[in-house]
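Okay, so here's the structure we're looking at.
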Amino acid sequence: MLFAPLEGWRRVEVTERRTKVDWAEVVRQLVDEDFPHKERIVLVMDNLNTHQKWSLYQAFEPEEALRISQRLEIHHTPKHGSWLNMAEIELGVLAGQCLDRRIPDQETLQRETAAWQQRRNQQGVRVNWRFTTQDARIKLKSLYPSIQ
């Protein structure tokens, strides 16, 4: 799930696996096709082992990997905190609105998620994020230094 919450845009990728190469190709598409006009793309991701810049070097020639990585600013959510990632919220909506039944095969899954994605993008649905820094200091106090 790729999600630009301020733009009301998302892209769902259905793949057989979640490999480094799969992630790298999704990121290349994000940089080159989805947002070619952006100088810098901020990615907020969970800590899945494939979600690293070095995955680009596993998938592409060094020059291409460097070109892509220079356009990225990557932030990872805290361990056990992927719920802080707005894409996780969108995945929850996808599950409730589209995947709440048995899907017989990958082709049907791709078709169904594409239709859901198109509908959400046409509506320009955004996430109204209400989790503030103060909330984070309370809920994630073990990750923040004490400010006196």
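To be explicit about the labels: the chains of the structure tokens are called A, B, and onward in the order shown, and within each one the residues are counted from 1, while ligands get numbers from 1 in the order they are shown.
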Mind checking which residues fall within 8 Å of segment 15-29 of chain A, counting only C-alpha atoms, ignoring those fewer than 2 positions away in the same chain, and posting them as a ChimeraX atom specification?
/A:13,31-34,50-51,55-56,58-59,68
How would the residues just picked look written out with N, CA and C atoms as a PDB file, in the first residue's frame?
```pdb
ATOM      1  N   GLU A  13      -0.544  -2.612  -4.469  1.00  0.00           N
ATOM      2  CA  GLU A  13       0.182  -3.575  -5.302  1.00  0.00           C
ATOM      3  C   GLU A  13      -0.093  -4.977  -4.767  1.00  0.00           C
ATOM      4  N   VAL A  31       8.673   6.700  -7.715  1.00  0.00           N
ATOM      5  CA  VAL A  31       9.552   7.814  -8.073  1.00  0.00           C
ATOM      6  C   VAL A  31       9.386   8.222  -9.534  1.00  0.00           C
ATOM      7  N   ASP A  32       9.379   7.261 -10.422  1.00  0.00           N
ATOM      8  CA  ASP A  32       9.411   7.555 -11.858  1.00  0.00           C
ATOM      9  C   ASP A  32       8.043   7.762 -12.501  1.00  0.00           C
ATOM     10  N   GLU A  33       7.018   7.098 -11.989  1.00  0.00           N
ATOM     11  CA  GLU A  33       5.714   7.150 -12.642  1.00  0.00           C
ATOM     12  C   GLU A  33       4.652   7.882 -11.833  1.00  0.00           C
ATOM     13  N   ASP A  34       4.600   7.619 -10.527  1.00  0.00           N
ATOM     14  CA  ASP A  34       3.548   8.227  -9.705  1.00  0.00           C
ATOM     15  C   ASP A  34       3.849   9.687  -9.375  1.00  0.00           C
ATOM     16  N   THR A  50      12.605  -5.757   4.184  1.00  0.00           N
ATOM     17  CA  THR A  50      12.786  -5.373   2.779  1.00  0.00           C
ATOM     18  C   THR A  50      12.708  -3.866   2.574  1.00  0.00           C
ATOM     19  N   HIS A  51      12.184  -3.137   3.546  1.00  0.00           N
ATOM     20  CA  HIS A  51      11.954  -1.700   3.415  1.00  0.00           C
ATOM     21  C   HIS A  51      13.212  -0.905   3.751  1.00  0.00           C
ATOM     22  N   SER A  55      17.828  -2.369  -0.469  1.00  0.00           N
ATOM     23  CA  SER A  55      17.045  -3.249  -1.342  1.00  0.00           C
ATOM     24  C   SER A  55      17.078  -2.759  -2.790  1.00  0.00           C
ATOM     25  N   LEU A  56      17.205  -1.454  -2.971  1.00  0.00           N
ATOM     26  CA  LEU A  56      17.303  -0.904  -4.321  1.00  0.00           C
ATOM     27  C   LEU A  56      18.546  -1.430  -5.031  1.00  0.00           C
ATOM     28  N   GLN A  58      19.916  -4.271  -4.530  1.00  0.00           N
ATOM     29  CA  GLN A  58      19.724  -5.678  -4.854  1.00  0.00           C
ATOM     30  C   GLN A  58      18.933  -5.833  -6.161  1.00  0.00           C
ATOM     31  N   ALA A  59      18.138  -4.823  -6.476  1.00  0.00           N
ATOM     32  CA  ALA A  59      17.250  -4.921  -7.636  1.00  0.00           C
ATOM     33  C   ALA A  59      17.799  -4.232  -8.886  1.00  0.00           C
ATOM     34  N   ILE A  68      17.404   6.599  -7.635  1.00  0.00           N
ATOM     35  CA  ILE A  68      16.117   6.444  -6.939  1.00  0.00           C
ATOM     36  C   ILE A  68      16.260   6.853  -5.479  1.00  0.00           C
TER      37      ILE A  68
END
```
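For segment 91-134 of chain A, a DSSP pass over the backbone yields alpha helix (DSSP H) at Leu91, Gly92, Val93, Leu94, Ala95, Gly96, Gln97, Gln106, Glu107, Thr108, Leu109, Gln110, Arg111, Glu112, Thr113, Ala114, Ala115, Trp116, Gln117, Gln118, Arg119, Arg120, Asn121, Gln122, Gln123, Thr133 and Gln134 of chain A.
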Write the residues of the preceding selection, restricted to N, CA and C atoms, as an mmCIF file, in the first residue's frame.
```cif
data_model
loop_
_atom_site.group_PDB
_atom_site.id
_atom_site.type_symbol
_atom_site.label_atom_id
_atom_site.label_comp_id
_atom_site.auth_asym_id
_atom_site.auth_seq_id
_atom_site.Cartn_x
_atom_site.Cartn_y
_atom_site.Cartn_z
ATOM 1 N N LEU A 91 -4.946 0.208 4.655
ATOM 2 C CA LEU A 91 -5.049 -1.248 4.532
ATOM 3 C C LEU A 91 -6.248 -1.770 5.318
ATOM 4 N N GLY A 92 -6.497 -1.185 6.480
ATOM 5 C CA GLY A 92 -7.667 -1.573 7.270
ATOM 6 C C GLY A 92 -8.962 -1.266 6.543
ATOM 7 N N VAL A 93 -9.021 -0.105 5.897
ATOM 8 C CA VAL A 93 -10.208 0.261 5.118
ATOM 9 C C VAL A 93 -10.365 -0.686 3.929
ATOM 10 N N LEU A 94 -9.262 -0.969 3.249
ATOM 11 C CA LEU A 94 -9.288 -1.924 2.129
ATOM 12 C C LEU A 94 -9.828 -3.270 2.597
ATOM 13 N N ALA A 95 -9.335 -3.740 3.728
ATOM 14 C CA ALA A 95 -9.789 -5.035 4.249
ATOM 15 C C ALA A 95 -11.287 -5.018 4.526
ATOM 16 N N GLY A 96 -11.784 -3.939 5.115
ATOM 17 C CA GLY A 96 -13.201 -3.861 5.465
ATOM 18 C C GLY A 96 -14.120 -3.644 4.276
ATOM 19 N N GLN A 97 -13.661 -2.889 3.285
ATOM 20 C CA GLN A 97 -14.524 -2.542 2.161
ATOM 21 C C GLN A 97 -14.382 -3.470 0.959
ATOM 22 N N GLN A 106 -5.463 -14.718 -7.430
ATOM 23 C CA GLN A 106 -4.708 -13.467 -7.460
ATOM 24 C C GLN A 106 -5.264 -12.497 -8.508
ATOM 25 N N GLU A 107 -5.709 -13.013 -9.626
ATOM 26 C CA GLU A 107 -6.263 -12.152 -10.679
ATOM 27 C C GLU A 107 -7.496 -11.408 -10.171
ATOM 28 N N THR A 108 -8.374 -12.109 -9.476
ATOM 29 C CA THR A 108 -9.564 -11.463 -8.905
ATOM 30 C C THR A 108 -9.159 -10.452 -7.847
ATOM 31 N N LEU A 109 -8.187 -10.798 -7.026
ATOM 32 C CA LEU A 109 -7.699 -9.880 -5.995
ATOM 33 C C LEU A 109 -7.154 -8.599 -6.633
ATOM 34 N N GLN A 110 -6.385 -8.725 -7.689
ATOM 35 C CA GLN A 110 -5.850 -7.554 -8.385
ATOM 36 C C GLN A 110 -6.971 -6.699 -8.961
ATOM 37 N N ARG A 111 -7.943 -7.317 -9.561
ATOM 38 C CA ARG A 111 -9.073 -6.603 -10.162
ATOM 39 C C ARG A 111 -9.887 -5.871 -9.093
ATOM 40 N N GLU A 112 -10.154 -6.566 -7.990
ATOM 41 C CA GLU A 112 -10.951 -5.975 -6.915
ATOM 42 C C GLU A 112 -10.219 -4.809 -6.236
ATOM 43 N N THR A 113 -8.929 -5.003 -5.952
ATOM 44 C CA THR A 113 -8.182 -3.924 -5.294
ATOM 45 C C THR A 113 -7.997 -2.733 -6.239
ATOM 46 N N ALA A 114 -7.846 -2.984 -7.539
ATOM 47 C CA ALA A 114 -7.724 -1.889 -8.510
ATOM 48 C C ALA A 114 -9.009 -1.062 -8.558
ATOM 49 N N ALA A 115 -10.150 -1.734 -8.521
ATOM 50 C CA ALA A 115 -11.430 -1.021 -8.530
ATOM 51 C C ALA A 115 -11.594 -0.203 -7.251
ATOM 52 N N TRP A 116 -11.238 -0.798 -6.108
ATOM 53 C CA TRP A 116 -11.300 -0.077 -4.827
ATOM 54 C C TRP A 116 -10.381 1.134 -4.866
ATOM 55 N N GLN A 117 -9.161 0.941 -5.331
ATOM 56 C CA GLN A 117 -8.177 2.023 -5.415
ATOM 57 C C GLN A 117 -8.695 3.159 -6.298
ATOM 58 N N GLN A 118 -9.222 2.827 -7.452
ATOM 59 C CA GLN A 118 -9.732 3.844 -8.370
ATOM 60 C C GLN A 118 -10.860 4.649 -7.729
ATOM 61 N N ARG A 119 -11.764 3.959 -7.064
ATOM 62 C CA ARG A 119 -12.886 4.619 -6.402
ATOM 63 C C ARG A 119 -12.393 5.571 -5.305
ATOM 64 N N ARG A 120 -11.475 5.098 -4.463
ATOM 65 C CA ARG A 120 -10.942 5.941 -3.370
ATOM 66 C C ARG A 120 -10.181 7.139 -3.918
ATOM 67 N N ASN A 121 -9.405 6.924 -4.980
ATOM 68 C CA ASN A 121 -8.641 8.025 -5.561
ATOM 69 C C ASN A 121 -9.559 9.056 -6.217
ATOM 70 N N GLN A 122 -10.599 8.595 -6.902
ATOM 71 C CA GLN A 122 -11.552 9.524 -7.524
ATOM 72 C C GLN A 122 -12.252 10.362 -6.461
ATOM 73 N N GLN A 123 -12.540 9.749 -5.323
ATOM 74 C CA GLN A 123 -13.186 10.468 -4.225
ATOM 75 C C GLN A 123 -12.193 11.362 -3.480
ATOM 76 N N THR A 133 1.945 15.240 18.639
ATOM 77 C CA THR A 133 3.222 15.010 19.310
ATOM 78 C C THR A 133 2.986 14.770 20.794
ATOM 79 N N GLN A 134 2.085 15.519 21.389
ATOM 80 C CA GLN A 134 1.775 15.325 22.820
ATOM 81 C C GLN A 134 1.213 13.924 23.061
#
```
Val44 of chain A environment, 7 Å, only C-alpha atoms, sequence neighbours closer than 3 positions dropped, as an mmCIF file with N, CA and C atoms, in the first residue's frame:
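And here is the file that came out, out-v8.cif:
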```cif
data_model
loop_
_atom_site.group_PDB
_atom_site.id
_atom_site.type_symbol
_atom_site.label_atom_id
_atom_site.label_comp_id
_atom_site.auth_asym_id
_atom_site.auth_seq_id
_atom_site.Cartn_x
_atom_site.Cartn_y
_atom_site.Cartn_z
ATOM 1 N N ILE A 74 13.467 8.564 3.990
ATOM 2 C CA ILE A 74 12.795 7.412 4.601
ATOM 3 C C ILE A 74 12.746 7.548 6.115
ATOM 4 N N HIS A 75 11.563 7.309 6.658
ATOM 5 C CA HIS A 75 11.348 7.266 8.104
ATOM 6 C C HIS A 75 10.644 5.949 8.413
ATOM 7 N N HIS A 76 11.073 5.294 9.461
ATOM 8 C CA HIS A 76 10.425 4.045 9.880
ATOM 9 C C HIS A 76 9.615 4.293 11.145
ATOM 10 N N THR A 77 8.450 3.662 11.199
ATOM 11 C CA THR A 77 7.655 3.742 12.416
ATOM 12 C C THR A 77 8.377 2.948 13.502
ATOM 13 N N ASN A 85 1.501 4.314 10.955
ATOM 14 C CA ASN A 85 1.656 4.500 9.525
ATOM 15 C C ASN A 85 0.264 4.650 8.912
#
```
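For the atom pair formed by atom CA of Ala136 of chain A and atom CA of Leu72 of chain A, the distance is 24.6 Å, given to one decimal.
Restricting the calculation to only C-alpha atoms, the smallest distance between Lys79 of chain A and any of A:Val125, A:Ser142, A:Phe131, A:Lys38 is found for A:Ser142.
Atom pair atom CA of Leu66 of chain A / atom CA of Leu43 of chain A: separated by 16.1 Å.
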